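File shown here: structure_21.pdb, holding PDB, C-alpha atoms and all ligand atoms.
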ATOM      1  CA  MET Q1050      17.654  45.924  79.963  1.00  0.00           C
ATOM      2  CA  VAL Q1051      21.315  45.119  79.444  1.00  0.00           C
ATOM      3  CA  VAL Q1052      22.861  41.880  78.193  1.00  0.00           C
ATOM      4  CA  VAL Q1053      26.532  41.612  79.136  1.00  0.00           C
ATOM      5  CA  ILE Q1054      28.636  39.732  76.589  1.00  0.00           C
ATOM      6  CA  ASP Q1055      32.161  38.422  77.117  1.00  0.00           C
ATOM      7  CA  ILE Q1056      32.208  35.241  75.068  1.00  0.00           C
ATOM      8  CA  LEU Q1057      35.901  34.506  75.783  1.00  0.00           C
ATOM      9  CA  ARG Q1058      35.427  33.708  78.498  1.00  0.00           C
ATOM     10  CA  ALA Q1059      33.738  35.446  81.431  1.00  0.00           C
ATOM     11  CA  THR Q1060      30.070  35.280  80.447  1.00  0.00           C
ATOM     12  CA  SER Q1061      30.518  31.728  79.131  1.00  0.00           C
ATOM     13  CA  SER Q1062      32.116  30.701  82.440  1.00  0.00           C
ATOM     14  CA  ILE Q1063      29.399  32.419  84.488  1.00  0.00           C
ATOM     15  CA  THR Q1064      26.679  30.667  82.463  1.00  0.00           C
ATOM     16  CA  THR Q1065      28.463  27.343  82.982  1.00  0.00           C
ATOM     17  CA  ALA Q1066      28.852  27.914  86.721  1.00  0.00           C
ATOM     18  CA  ILE Q1067      25.213  28.842  87.259  1.00  0.00           C
ATOM     19  CA  ALA Q1068      24.074  25.896  85.084  1.00  0.00           C
ATOM     20  CA  HIS Q1069      26.203  23.552  87.190  1.00  0.00           C
ATOM     21  CA  GLY Q1070      24.567  24.632  90.431  1.00  0.00           C
ATOM     22  CA  VAL Q1071      26.713  27.464  91.786  1.00  0.00           C
ATOM     23  CA  GLU Q1072      24.395  29.471  94.037  1.00  0.00           C
ATOM     24  CA  ALA Q1073      25.679  32.964  93.249  1.00  0.00           C
ATOM     25  CA  ILE Q1074      28.635  34.827  91.758  1.00  0.00           C
ATOM     26  CA  LYS Q1075      29.809  38.213  92.955  1.00  0.00           C
ATOM     27  CA  PRO Q1076      31.674  40.069  90.188  1.00  0.00           C
ATOM     28  CA  VAL Q1077      34.364  42.343  91.581  1.00  0.00           C
ATOM     29  CA  GLU Q1078      36.920  44.564  89.873  1.00  0.00           C
ATOM     30  CA  SER Q1079      39.994  44.188  92.050  1.00  0.00           C
ATOM     31  CA  LEU Q1080      42.127  41.248  93.122  1.00  0.00           C
ATOM     32  CA  VAL Q1081      42.216  42.720  96.636  1.00  0.00           C
ATOM     33  CA  GLU Q1082      38.424  42.641  96.955  1.00  0.00           C
ATOM     34  CA  CYS Q1083      38.297  39.145  95.497  1.00  0.00           C
ATOM     35  CA  ARG Q1084      40.921  37.915  97.985  1.00  0.00           C
ATOM     36  CA  GLN Q1085      39.000  39.509 100.864  1.00  0.00           C
ATOM     37  CA  LEU Q1086      35.799  37.738  99.813  1.00  0.00           C
ATOM     38  CA  MET Q1087      37.722  34.471  99.518  1.00  0.00           C
ATOM     39  CA  MET Q1088      38.827  34.891 103.113  1.00  0.00           C
ATOM     40  CA  ASP Q1089      35.172  35.520 104.022  1.00  0.00           C
ATOM     41  CA  GLY Q1090      34.085  32.134 102.647  1.00  0.00           C
ATOM     42  CA  HIS Q1091      33.610  32.643  98.897  1.00  0.00           C
ATOM     43  CA  ILE Q1092      35.403  30.527  96.317  1.00  0.00           C
ATOM     44  CA  GLY Q1093      37.983  32.878  94.809  1.00  0.00           C
ATOM     45  CA  ALA Q1094      38.128  33.099  90.997  1.00  0.00           C
ATOM     46  CA  ALA Q1095      40.644  35.419  89.377  1.00  0.00           C
ATOM     47  CA  GLU Q1096      41.972  35.887  85.849  1.00  0.00           C
ATOM     48  CA  ARG Q1097      44.324  38.453  84.379  1.00  0.00           C
ATOM     49  CA  GLY Q1098      45.586  38.396  80.790  1.00  0.00           C
ATOM     50  CA  GLY Q1099      43.994  34.983  80.290  1.00  0.00           C
ATOM     51  CA  LYS Q1100      45.870  33.364  83.176  1.00  0.00           C
ATOM     52  CA  LYS Q1101      44.620  32.198  86.546  1.00  0.00           C
ATOM     53  CA  VAL Q1102      46.039  34.471  89.226  1.00  0.00           C
ATOM     54  CA  GLY Q1103      48.185  32.691  91.808  1.00  0.00           C
ATOM     55  CA  GLY Q1104      46.619  32.168  95.224  1.00  0.00           C
ATOM     56  CA  PHE Q1105      43.034  31.881  93.942  1.00  0.00           C
ATOM     57  CA  GLU Q1106      41.101  28.643  93.655  1.00  0.00           C
ATOM     58  CA  VAL Q1107      40.060  28.997  90.000  1.00  0.00           C
ATOM     59  CA  GLY Q1108      40.734  31.117  86.940  1.00  0.00           C
ATOM     60  CA  ASN Q1109      38.301  31.691  84.101  1.00  0.00           C
ATOM     61  CA  SER Q1110      38.021  28.391  82.268  1.00  0.00           C
ATOM     62  CA  PRO Q1111      34.402  27.244  81.877  1.00  0.00           C
ATOM     63  CA  PHE Q1112      35.587  23.682  82.583  1.00  0.00           C
ATOM     64  CA  SER Q1113      36.718  24.653  86.068  1.00  0.00           C
ATOM     65  CA  TYR Q1114      33.114  25.612  86.926  1.00  0.00           C
ATOM     66  CA  MET Q1115      31.770  22.147  86.230  1.00  0.00           C
ATOM     67  CA  ASN Q1116      33.087  21.106  89.616  1.00  0.00           C
ATOM     68  CA  PRO Q1117      30.396  19.430  91.787  1.00  0.00           C
ATOM     69  CA  GLU Q1118      32.162  20.815  94.870  1.00  0.00           C
ATOM     70  CA  PHE Q1119      31.006  24.309  93.833  1.00  0.00           C
ATOM     71  CA  GLU Q1120      27.297  23.392  93.954  1.00  0.00           C
ATOM     72  CA  ASP Q1121      25.339  25.743  96.242  1.00  0.00           C
ATOM     73  CA  LYS Q1122      28.482  27.785  96.907  1.00  0.00           C
ATOM     74  CA  LYS Q1123      29.159  31.477  96.389  1.00  0.00           C
ATOM     75  CA  ILE Q1124      31.986  32.580  94.101  1.00  0.00           C
ATOM     76  CA  ALA Q1125      33.797  35.923  94.071  1.00  0.00           C
ATOM     77  CA  MET Q1126      35.081  36.526  90.531  1.00  0.00           C
ATOM     78  CA  THR Q1127      37.388  39.063  88.950  1.00  0.00           C
ATOM     79  CA  THR Q1128      38.418  39.010  85.288  1.00  0.00           C
ATOM     80  CA  THR Q1129      40.204  41.426  82.964  1.00  0.00           C
ATOM     81  CA  ASN Q1130      37.115  42.747  81.175  1.00  0.00           C
ATOM     82  CA  GLY Q1131      33.941  40.742  81.853  1.00  0.00           C
ATOM     83  CA  THR Q1132      33.458  41.541  85.511  1.00  0.00           C
ATOM     84  CA  VAL Q1133      34.281  45.214  84.827  1.00  0.00           C
ATOM     85  CA  THR Q1134      31.529  45.285  82.173  1.00  0.00           C
ATOM     86  CA  LEU Q1135      29.084  43.681  84.589  1.00  0.00           C
ATOM     87  CA  LYS Q1136      29.831  46.317  87.223  1.00  0.00           C
ATOM     88  CA  LYS Q1137      29.445  49.104  84.634  1.00  0.00           C
ATOM     89  CA  SER Q1138      26.017  47.732  83.673  1.00  0.00           C
ATOM     90  CA  LYS Q1139      24.601  48.058  87.170  1.00  0.00           C
ATOM     91  CA  GLY Q1140      21.576  50.306  87.430  1.00  0.00           C
ATOM     92  CA  ALA Q1141      19.844  48.936  84.320  1.00  0.00           C
ATOM     93  CA  LEU Q1142      16.325  47.551  84.667  1.00  0.00           C
ATOM     94  CA  GLN Q1143      17.856  44.073  84.503  1.00  0.00           C
ATOM     95  CA  VAL Q1144      21.416  42.910  83.809  1.00  0.00           C
ATOM     96  CA  LEU Q1145      21.538  39.527  82.062  1.00  0.00           C
ATOM     97  CA  VAL Q1146      24.528  37.368  81.154  1.00  0.00           C
ATOM     98  CA  GLY Q1147      24.711  36.165  77.550  1.00  0.00           C
ATOM     99  CA  SER Q1148      26.791  33.536  75.775  1.00  0.00           C
ATOM    100  CA  PHE Q1149      26.421  31.070  72.927  1.00  0.00           C
ATOM    101  CA  LEU Q1150      25.978  28.470  75.659  1.00  0.00           C
ATOM    102  CA  ASN Q1151      22.573  29.935  76.627  1.00  0.00           C
ATOM    103  CA  TYR Q1152      21.686  31.572  73.288  1.00  0.00           C
ATOM    104  CA  SER Q1153      18.167  30.201  72.724  1.00  0.00           C
ATOM    105  CA  ALA Q1154      17.072  30.642  76.339  1.00  0.00           C
ATOM    106  CA  LEU Q1155      18.198  34.260  76.242  1.00  0.00           C
ATOM    107  CA  LEU Q1156      16.623  34.904  72.860  1.00  0.00           C
ATOM    108  CA  SER Q1157      13.237  33.555  73.888  1.00  0.00           C
ATOM    109  CA  TYR Q1158      13.261  35.856  76.924  1.00  0.00           C
ATOM    110  CA  LEU Q1159      14.393  38.934  74.965  1.00  0.00           C
ATOM    111  CA  GLU Q1160      11.823  38.494  72.211  1.00  0.00           C
ATOM    112  CA  ARG Q1161       8.986  38.812  74.700  1.00  0.00           C
ATOM    113  CA  LEU Q1162      10.319  41.897  76.451  1.00  0.00           C
ATOM    114  CA  PRO Q1163       8.428  45.146  76.434  1.00  0.00           C
ATOM    115  CA  CYS Q1164      11.562  47.301  76.764  1.00  0.00           C
ATOM    116  CA  ASP Q1165      14.762  48.478  75.082  1.00  0.00           C
ATOM    117  CA  VAL Q1166      17.750  46.131  75.086  1.00  0.00           C
ATOM    118  CA  LEU Q1167      21.401  47.196  75.187  1.00  0.00           C
ATOM    119  CA  LEU Q1168      23.939  44.552  74.162  1.00  0.00           C
ATOM    120  CA  HIS Q1169      26.998  45.477  76.215  1.00  0.00           C
ATOM    121  CA  CYS Q1170      30.096  43.843  74.730  1.00  0.00           C
ATOM    122  CA  ALA Q1171      33.107  43.627  77.025  1.00  0.00           C
ATOM    123  CA  GLY Q1172      35.719  43.610  74.241  1.00  0.00           C
ATOM    124  CA  TRP Q1173      39.320  43.772  75.405  1.00  0.00           C
ATOM    125  CA  LYS Q1174      40.508  46.701  77.530  1.00  0.00           C
ATOM    126  CA  GLY Q1175      38.086  49.159  75.948  1.00  0.00           C
ATOM    127  CA  LYS Q1176      38.542  47.892  72.388  1.00  0.00           C
ATOM    128  CA  VAL Q1177      36.109  46.055  70.123  1.00  0.00           C
ATOM    129  CA  ASN Q1178      36.594  42.333  69.584  1.00  0.00           C
ATOM    130  CA  MET Q1179      35.260  39.816  67.086  1.00  0.00           C
ATOM    131  CA  GLU Q1180      33.730  37.194  69.353  1.00  0.00           C
ATOM    132  CA  ASP Q1181      31.550  39.568  71.373  1.00  0.00           C
ATOM    133  CA  THR Q1182      30.434  41.411  68.233  1.00  0.00           C
ATOM    134  CA  LEU Q1183      29.546  38.087  66.604  1.00  0.00           C
ATOM    135  CA  PHE Q1184      27.427  37.057  69.552  1.00  0.00           C
ATOM    136  CA  ALA Q1185      25.670  40.443  69.615  1.00  0.00           C
ATOM    137  CA  GLY Q1186      25.053  39.873  65.894  1.00  0.00           C
ATOM    138  CA  ALA Q1187      23.632  36.418  66.612  1.00  0.00           C
ATOM    139  CA  ILE Q1188      21.139  37.931  69.047  1.00  0.00           C
ATOM    140  CA  ILE Q1189      20.125  40.686  66.621  1.00  0.00           C
ATOM    141  CA  TYR Q1190      19.846  38.159  63.782  1.00  0.00           C
ATOM    142  CA  GLY Q1191      17.732  35.886  66.015  1.00  0.00           C
ATOM    143  CA  LEU Q1192      15.408  38.712  67.010  1.00  0.00           C
ATOM    144  CA  LYS Q1193      14.561  39.274  63.335  1.00  0.00           C
ATOM    145  CA  GLN Q1194      13.379  42.862  63.093  1.00  0.00           C
ATOM    146  CA  MET Q1195      11.443  42.704  66.364  1.00  0.00           C
ATOM    147  CA  PHE Q1196      13.394  45.715  67.591  1.00  0.00           C
ATOM    148  CA  GLU Q1197      14.301  48.971  65.895  1.00  0.00           C
ATOM    149  CA  TYR Q1198      17.998  49.870  65.911  1.00  0.00           C
ATOM    150  CA  ASN Q1199      19.247  53.141  67.318  1.00  0.00           C
ATOM    151  CA  SER Q1200      22.355  53.152  65.080  1.00  0.00           C
ATOM    152  CA  ASP Q1201      23.966  51.085  62.309  1.00  0.00           C
ATOM    153  CA  ALA Q1202      26.080  49.108  64.802  1.00  0.00           C
ATOM    154  CA  PRO Q1203      23.453  46.359  65.400  1.00  0.00           C
ATOM    155  CA  MET Q1204      23.003  45.930  61.636  1.00  0.00           C
ATOM    156  CA  MET Q1205      26.785  45.654  61.169  1.00  0.00           C
ATOM    157  CA  ALA Q1206      27.023  43.015  63.912  1.00  0.00           C
ATOM    158  CA  ALA Q1207      24.112  41.025  62.459  1.00  0.00           C
ATOM    159  CA  ASN Q1208      25.677  41.121  58.974  1.00  0.00           C
ATOM    160  CA  LEU Q1209      28.985  39.913  60.399  1.00  0.00           C
ATOM    161  CA  TYR Q1210      27.194  37.045  62.120  1.00  0.00           C
ATOM    162  CA  LYS Q1211      25.271  36.147  58.949  1.00  0.00           C
ATOM    163  CA  GLN Q1212      28.556  35.783  57.043  1.00  0.00           C
ATOM    164  CA  ALA Q1213      30.216  33.782  59.820  1.00  0.00           C
ATOM    165  CA  LYS Q1214      27.443  31.650  61.242  1.00  0.00           C
ATOM    166  CA  ASN Q1215      28.367  28.421  59.469  1.00  0.00           C
ATOM    167  CA  ASN Q1216      31.884  28.460  60.877  1.00  0.00           C
ATOM    168  CA  LEU Q1217      32.287  30.755  63.863  1.00  0.00           C
ATOM    169  CA  LYS Q1218      35.683  29.314  64.764  1.00  0.00           C
ATOM    170  CA  ALA Q1219      37.113  30.196  61.338  1.00  0.00           C
ATOM    171  CA  ALA Q1220      35.757  33.726  61.699  1.00  0.00           C
ATOM    172  CA  ILE Q1221      37.596  34.348  64.946  1.00  0.00           C
ATOM    173  CA  GLU Q1222      40.680  32.153  64.702  1.00  0.00           C
ATOM    174  CA  ASP Q1223      43.022  35.038  63.818  1.00  0.00           C
ATOM    175  CA  SER Q1224      41.467  37.407  66.359  1.00  0.00           C
ATOM    176  CA  SER Q1225      43.557  38.902  69.140  1.00  0.00           C
ATOM    177  CA  HIS Q1226      42.025  37.066  72.077  1.00  0.00           C
ATOM    178  CA  VAL Q1227      41.785  33.683  70.368  1.00  0.00           C
ATOM    179  CA  SER Q1228      45.496  33.963  69.501  1.00  0.00           C
ATOM    180  CA  ARG Q1229      46.216  34.859  73.146  1.00  0.00           C
ATOM    181  CA  LEU Q1230      44.207  31.899  74.491  1.00  0.00           C
ATOM    182  CA  ILE Q1231      45.732  29.462  71.995  1.00  0.00           C
ATOM    183  CA  LYS Q1232      49.235  30.554  73.061  1.00  0.00           C
ATOM    184  CA  LEU Q1233      48.183  29.734  76.618  1.00  0.00           C
ATOM    185  CA  GLY Q1234      47.047  26.235  75.558  1.00  0.00           C
ATOM    186  CA  LEU Q1235      43.353  27.098  75.948  1.00  0.00           C
ATOM    187  CA  GLU Q1236      41.927  26.247  72.517  1.00  0.00           C
ATOM    188  CA  LYS Q1237      39.498  23.770  74.078  1.00  0.00           C
ATOM    189  CA  ASP Q1238      37.988  26.675  76.033  1.00  0.00           C
ATOM    190  CA  VAL Q1239      37.491  28.587  72.771  1.00  0.00           C
ATOM    191  CA  ASP Q1240      35.760  25.579  71.197  1.00  0.00           C
ATOM    192  CA  PHE Q1241      33.472  25.123  74.181  1.00  0.00           C
ATOM    193  CA  CYS Q1242      32.532  28.817  74.359  1.00  0.00           C
ATOM    194  CA  LEU Q1243      31.389  28.676  70.712  1.00  0.00           C
ATOM    195  CA  LYS Q1244      28.873  25.884  71.369  1.00  0.00           C
ATOM    196  CA  PHE Q1245      25.213  26.854  71.051  1.00  0.00           C
ATOM    197  CA  ASP Q1246      22.647  25.983  73.696  1.00  0.00           C
ATOM    198  CA  GLU Q1247      24.567  23.789  76.108  1.00  0.00           C
ATOM    199  CA  TYR Q1248      22.432  25.300  78.898  1.00  0.00           C
ATOM    200  CA  LYS Q1249      18.965  26.723  79.450  1.00  0.00           C
ATOM    201  CA  VAL Q1250      19.806  29.073  82.326  1.00  0.00           C
ATOM    202  CA  ILE Q1251      19.898  32.863  82.104  1.00  0.00           C
ATOM    203  CA  PRO Q1252      22.170  34.354  84.774  1.00  0.00           C
ATOM    204  CA  ILE Q1253      21.028  37.728  86.122  1.00  0.00           C
ATOM    205  CA  LEU Q1254      22.903  40.290  88.206  1.00  0.00           C
ATOM    206  CA  LYS Q1255      20.640  41.320  91.080  1.00  0.00           C
ATOM    207  CA  GLY Q1256      22.209  43.643  93.608  1.00  0.00           C
ATOM    208  CA  GLU Q1257      25.755  42.411  94.139  1.00  0.00           C
ATOM    209  CA  TYR Q1258      25.275  38.816  92.991  1.00  0.00           C
ATOM    210  CA  ILE Q1259      24.610  36.908  89.791  1.00  0.00           C
ATOM    211  CA  THR Q1260      22.035  34.136  90.210  1.00  0.00           C
ATOM    212  CA  LYS Q1261      19.691  32.158  87.973  1.00  0.00           C
ATOM    213  CA  LEU Q1262      16.794  34.138  86.407  1.00  0.00           C
ATOM    214  CA  LYS Q1263      13.586  32.805  87.934  1.00  0.00           C
ATOM    215  CA  LEU Q1264       9.988  32.971  86.677  1.00  0.00           C
ATOM    216  CA  SER Q1265       9.259  35.662  89.242  1.00  0.00           C
ATOM    217  CA  ASP Q1266      12.055  37.843  87.746  1.00  0.00           C
ATOM    218  CA  MET Q1267      10.540  37.801  84.272  1.00  0.00           C
ATOM    219  CA  LEU Q1268       9.223  41.112  82.998  1.00  0.00           C
ATOM    220  CA  PHE Q1269       6.242  39.855  80.999  1.00  0.00           C
TER
HETATM  221  O1  LIG G   1      38.474  39.602  80.070  1.00  0.00           O
HETATM  222  C1  LIG G   1      37.798  38.763  80.642  1.00  0.00           C
HETATM  223  O2  LIG G   1      36.901  39.028  81.408  1.00  0.00           O
HETATM  224  C2  LIG G   1      38.126  37.313  80.415  1.00  0.00           C
HETATM  225  O3  LIG G   1      36.993  36.665  79.943  1.00  0.00           O
HETATM  226  C3  LIG G   1      39.353  37.132  79.600  1.00  0.00           C
HETATM  227  S1  LIG G   1      39.916  35.498  79.518  1.00  0.00           S
HETATM  228  O4  LIG G   1      39.261  34.788  78.460  1.00  0.00           O
HETATM  229  O5  LIG G   1      39.753  34.840  80.784  1.00  0.00           O
HETATM  230  O6  LIG G   1      41.347  35.601  79.193  1.00  0.00           O
END
Please, can you express the file's structure as structure tokens?
Ligand code: 3SL
Amino acid sequence: MVVVIDILRATSSITTAIAHGVEAIKPVESLVECRQLMMDGHIGAAERGGKKVGGFEVGNSPFSYMNPEFEDKKIAMTTTNGTVTLKKSKGALQVLVGSFLNYSALLSYLERLPCDVLLHCAGWKGKVNMEDTLFAGAIIYGLKQMFEYNSDAPMMAANLYKQAKNNLKAAIEDSSHVSRLIKLGLEKDVDFCLKFDEYKVIPILKGEYITKLKLSDMLF
């Protein structure tokens, strides 16, 4: 079982889109593939370096996925790190999408699971980042010793979260990606992505598409 985490902003945007009625999201790595799918009837969503890529319908702001016109539609999405991490997670027993926005829903599923869980943080271009580590820590903290750790990394993430949990924004405000998004005028996206439990959905990557986890998908 893998939980993909890209708090700013891919997994927060995917959670928002699925909660707002998007039928399915196909994560793809290249702009070329995304453009091809757009020509084949998908809504095209593309972000690079925090910016919406010209020629596509949306970028990666969670607010752009609250659009009622996207209900029951399919989206092809490519982002700098999040969609790459989703593709790399393929082959796991299940691939779930995690964010603060669906924290409690995800936690209550994970705590009943009879299997190992890998928290797969997207980071930024292969490097660790604060916001994904904090969310991984929030999950580990929430699971309260129900799992054994296979290294010290989960304990480190949980300790970081414990120190930061009363003011997550302060903990990440000097981080690399928050600084990048603020320079782009996207602080409201940061604030939204740090909100707990806006939604109850758990997006799941099944085959090529991310959809809403249904009762029949549950492993217990
Ligand atoms: O890297 C990603 O997948 C994005 O979430 C980055 S951004 O927040 O859209 O800049």
Mind dumping a table of every chain Q residue within 6 Å of ligand LIG 1 (chain G), with the nearest atom pair and its distance in Å to one decimal, using all atoms listed in the file, sorted by chain and rising number, as CSV?
residue,atom,partner,partner_atom,distance
Q:Asp1055,CA,G:LIG1,O3,5.9
Q:Leu1057,CA,G:LIG1,O4,4.3
Q:Arg1058,CA,G:LIG1,O3,3.6
Q:Ala1059,CA,G:LIG1,O3,3.8
Q:Glu1096,CA,G:LIG1,O5,5.6
Q:Gly1098,CA,G:LIG1,O6,5.3
Q:Gly1099,CA,G:LIG1,O6,2.9
Q:Asn1109,CA,G:LIG1,O5,4.8
Q:Thr1128,CA,G:LIG1,O2,4.2
Q:Thr1129,CA,G:LIG1,O1,3.8
Q:Asn1130,CA,G:LIG1,O1,3.6
Q:Gly1131,CA,G:LIG1,O2,3.4
Q:Thr1132,CA,G:LIG1,O2,5.9
Exercise for review: Spell out the residues picked by the PyMOL selection byres (((chain Q and resi 1261) around 8) and not hetatm) here, as a ChimeraX atom specification.
Suggested key: /Q:1067,1250-1253,1259-1260,1262-1263
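With atom CA of Gly1175 of chain Q on one side and atom CA of Ala1125 of chain Q on the other, the separation reads 22.8 Å.
When atom CA of Val1051 of chain Q is paired with atom CA of Val1166 of chain Q, their separation reads 5.7 Å.
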Check your understanding: Got a sec: who's within 10 Å of Ile1221 of chain Q, counting only C-alpha atoms, leaving out chain neighbours fewer than 4 positions off, as a PyMOL selection string?
Key -> chain Q and resi 1178-1180+1183+1213+1216-1217+1225-1228+1239
With C-alpha atoms retained, write the just-selected residues as a tab-separated table (two decimals), in the coordinates of the input.
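Wrote result_26.tsv, looks like this:
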chain	number	residue	atom	x	y	z
Q	1178	ASN	CA	36.59	42.33	69.58
Q	1179	MET	CA	35.26	39.82	67.09
Q	1180	GLU	CA	33.73	37.19	69.35
Q	1183	LEU	CA	29.55	38.09	66.60
Q	1213	ALA	CA	30.22	33.78	59.82
Q	1216	ASN	CA	31.88	28.46	60.88
Q	1217	LEU	CA	32.29	30.76	63.86
Q	1225	SER	CA	43.56	38.90	69.14
Q	1226	HIS	CA	42.02	37.07	72.08
Q	1227	VAL	CA	41.78	33.68	70.37
Q	1228	SER	CA	45.50	33.96	69.50
Q	1239	VAL	CA	37.49	28.59	72.77
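When only C-alpha atoms are used to compute distances to Leu1135 of chain Q, the closest of the residues Q:Glu1078, Q:Asp1246, Q:Asp1223, Q:Glu1197 turns out to be Q:Glu1078.
Proximity to Tyr1152 of chain Q was assessed for Q:Leu1230, Q:Val1107, Q:Ile1188, Q:Ala1068 counting only C-alpha atoms; the smallest distance is recorded for Q:Ile1188.
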Point to revise | Residues matched by the PyMOL selection byres (((chain Q and resi 1191) around 9) and not hetatm) as a list in words | key: Ser1153, Leu1156, Glu1160, Gly1186, Ala1187, Ile1188, Ile1189, Tyr1190, Leu1192, Lys1193, Gln1194 and Ala1207 of chain Q
Exercise for review: Please provide as number ranges by chain all residues within 8 Å of Glu1247 of chain Q, with the sequence filter that same-chain residues fewer than 2 positions apart are discarded (counting all atoms listed in the file).
Suggested key: Q: 1150-1151, 1244-1245, 1249
Practice item. Could you state which residues are captured by the PyMOL selection byres (((chain Q and resi 1122) around 7) and not hetatm) in this file, as a ChimeraX atom specification? Key: /Q:1071-1073,1119-1121,1123-1124
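For the choices Q:Thr1127, Q:Thr1134, Q:Ser1148, Q:Ser1079, the atom-to-atom distance to Thr1064 of chain Q is smallest for Q:Ser1148 when using all atoms listed in the file.
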Centre, x/y/z edge lengths, axis-aligned box for segment 1156-1162 of chain Q with 6 Å per side, as AutoDock Vina command-line options:
--center_x 12.8 --center_y 37.7 --center_z 74.6 --size_x 19.6 --size_y 20.3 --size_z 16.7
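Using all atoms listed in the file, the smallest distance between any of Q:Asp1240, Q:Gly1093, Q:Ser1138, Q:Ile1054 and Glu1222 of chain Q comes from Q:Asp1240.
For Val1053 of chain Q, the list of residues within 6 Å, based on only C-alpha atoms and with local chain neighbours fewer than 5 positions off taken out, reads Q:Val1146, Q:Gly1147, Q:His1169.
Of note, atom CA of Tyr1258 of chain Q and atom CA of Asp1165 of chain Q are spaced 22.9 Å apart.
Candidate residues Q:Val1102, Q:Leu1254, Q:Met1115, Q:Cys1083 were compared for distance to His1069 of chain Q, and the nearest is Q:Met1115, using all atoms listed in the file.
Closest approach to Pro1111 of chain Q among Q:Tyr1248, Q:Phe1196, Q:Trp1173, Q:Phe1241: Q:Phe1241, based on only C-alpha atoms.
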Review point. Contacts of Gly1108 of chain Q at 6 Å or less, counting all atoms listed in the file, minus same-chain residues fewer than 2 places along, as a PyMOL selection string?
Key: chain Q and resi 1094-1096+1101
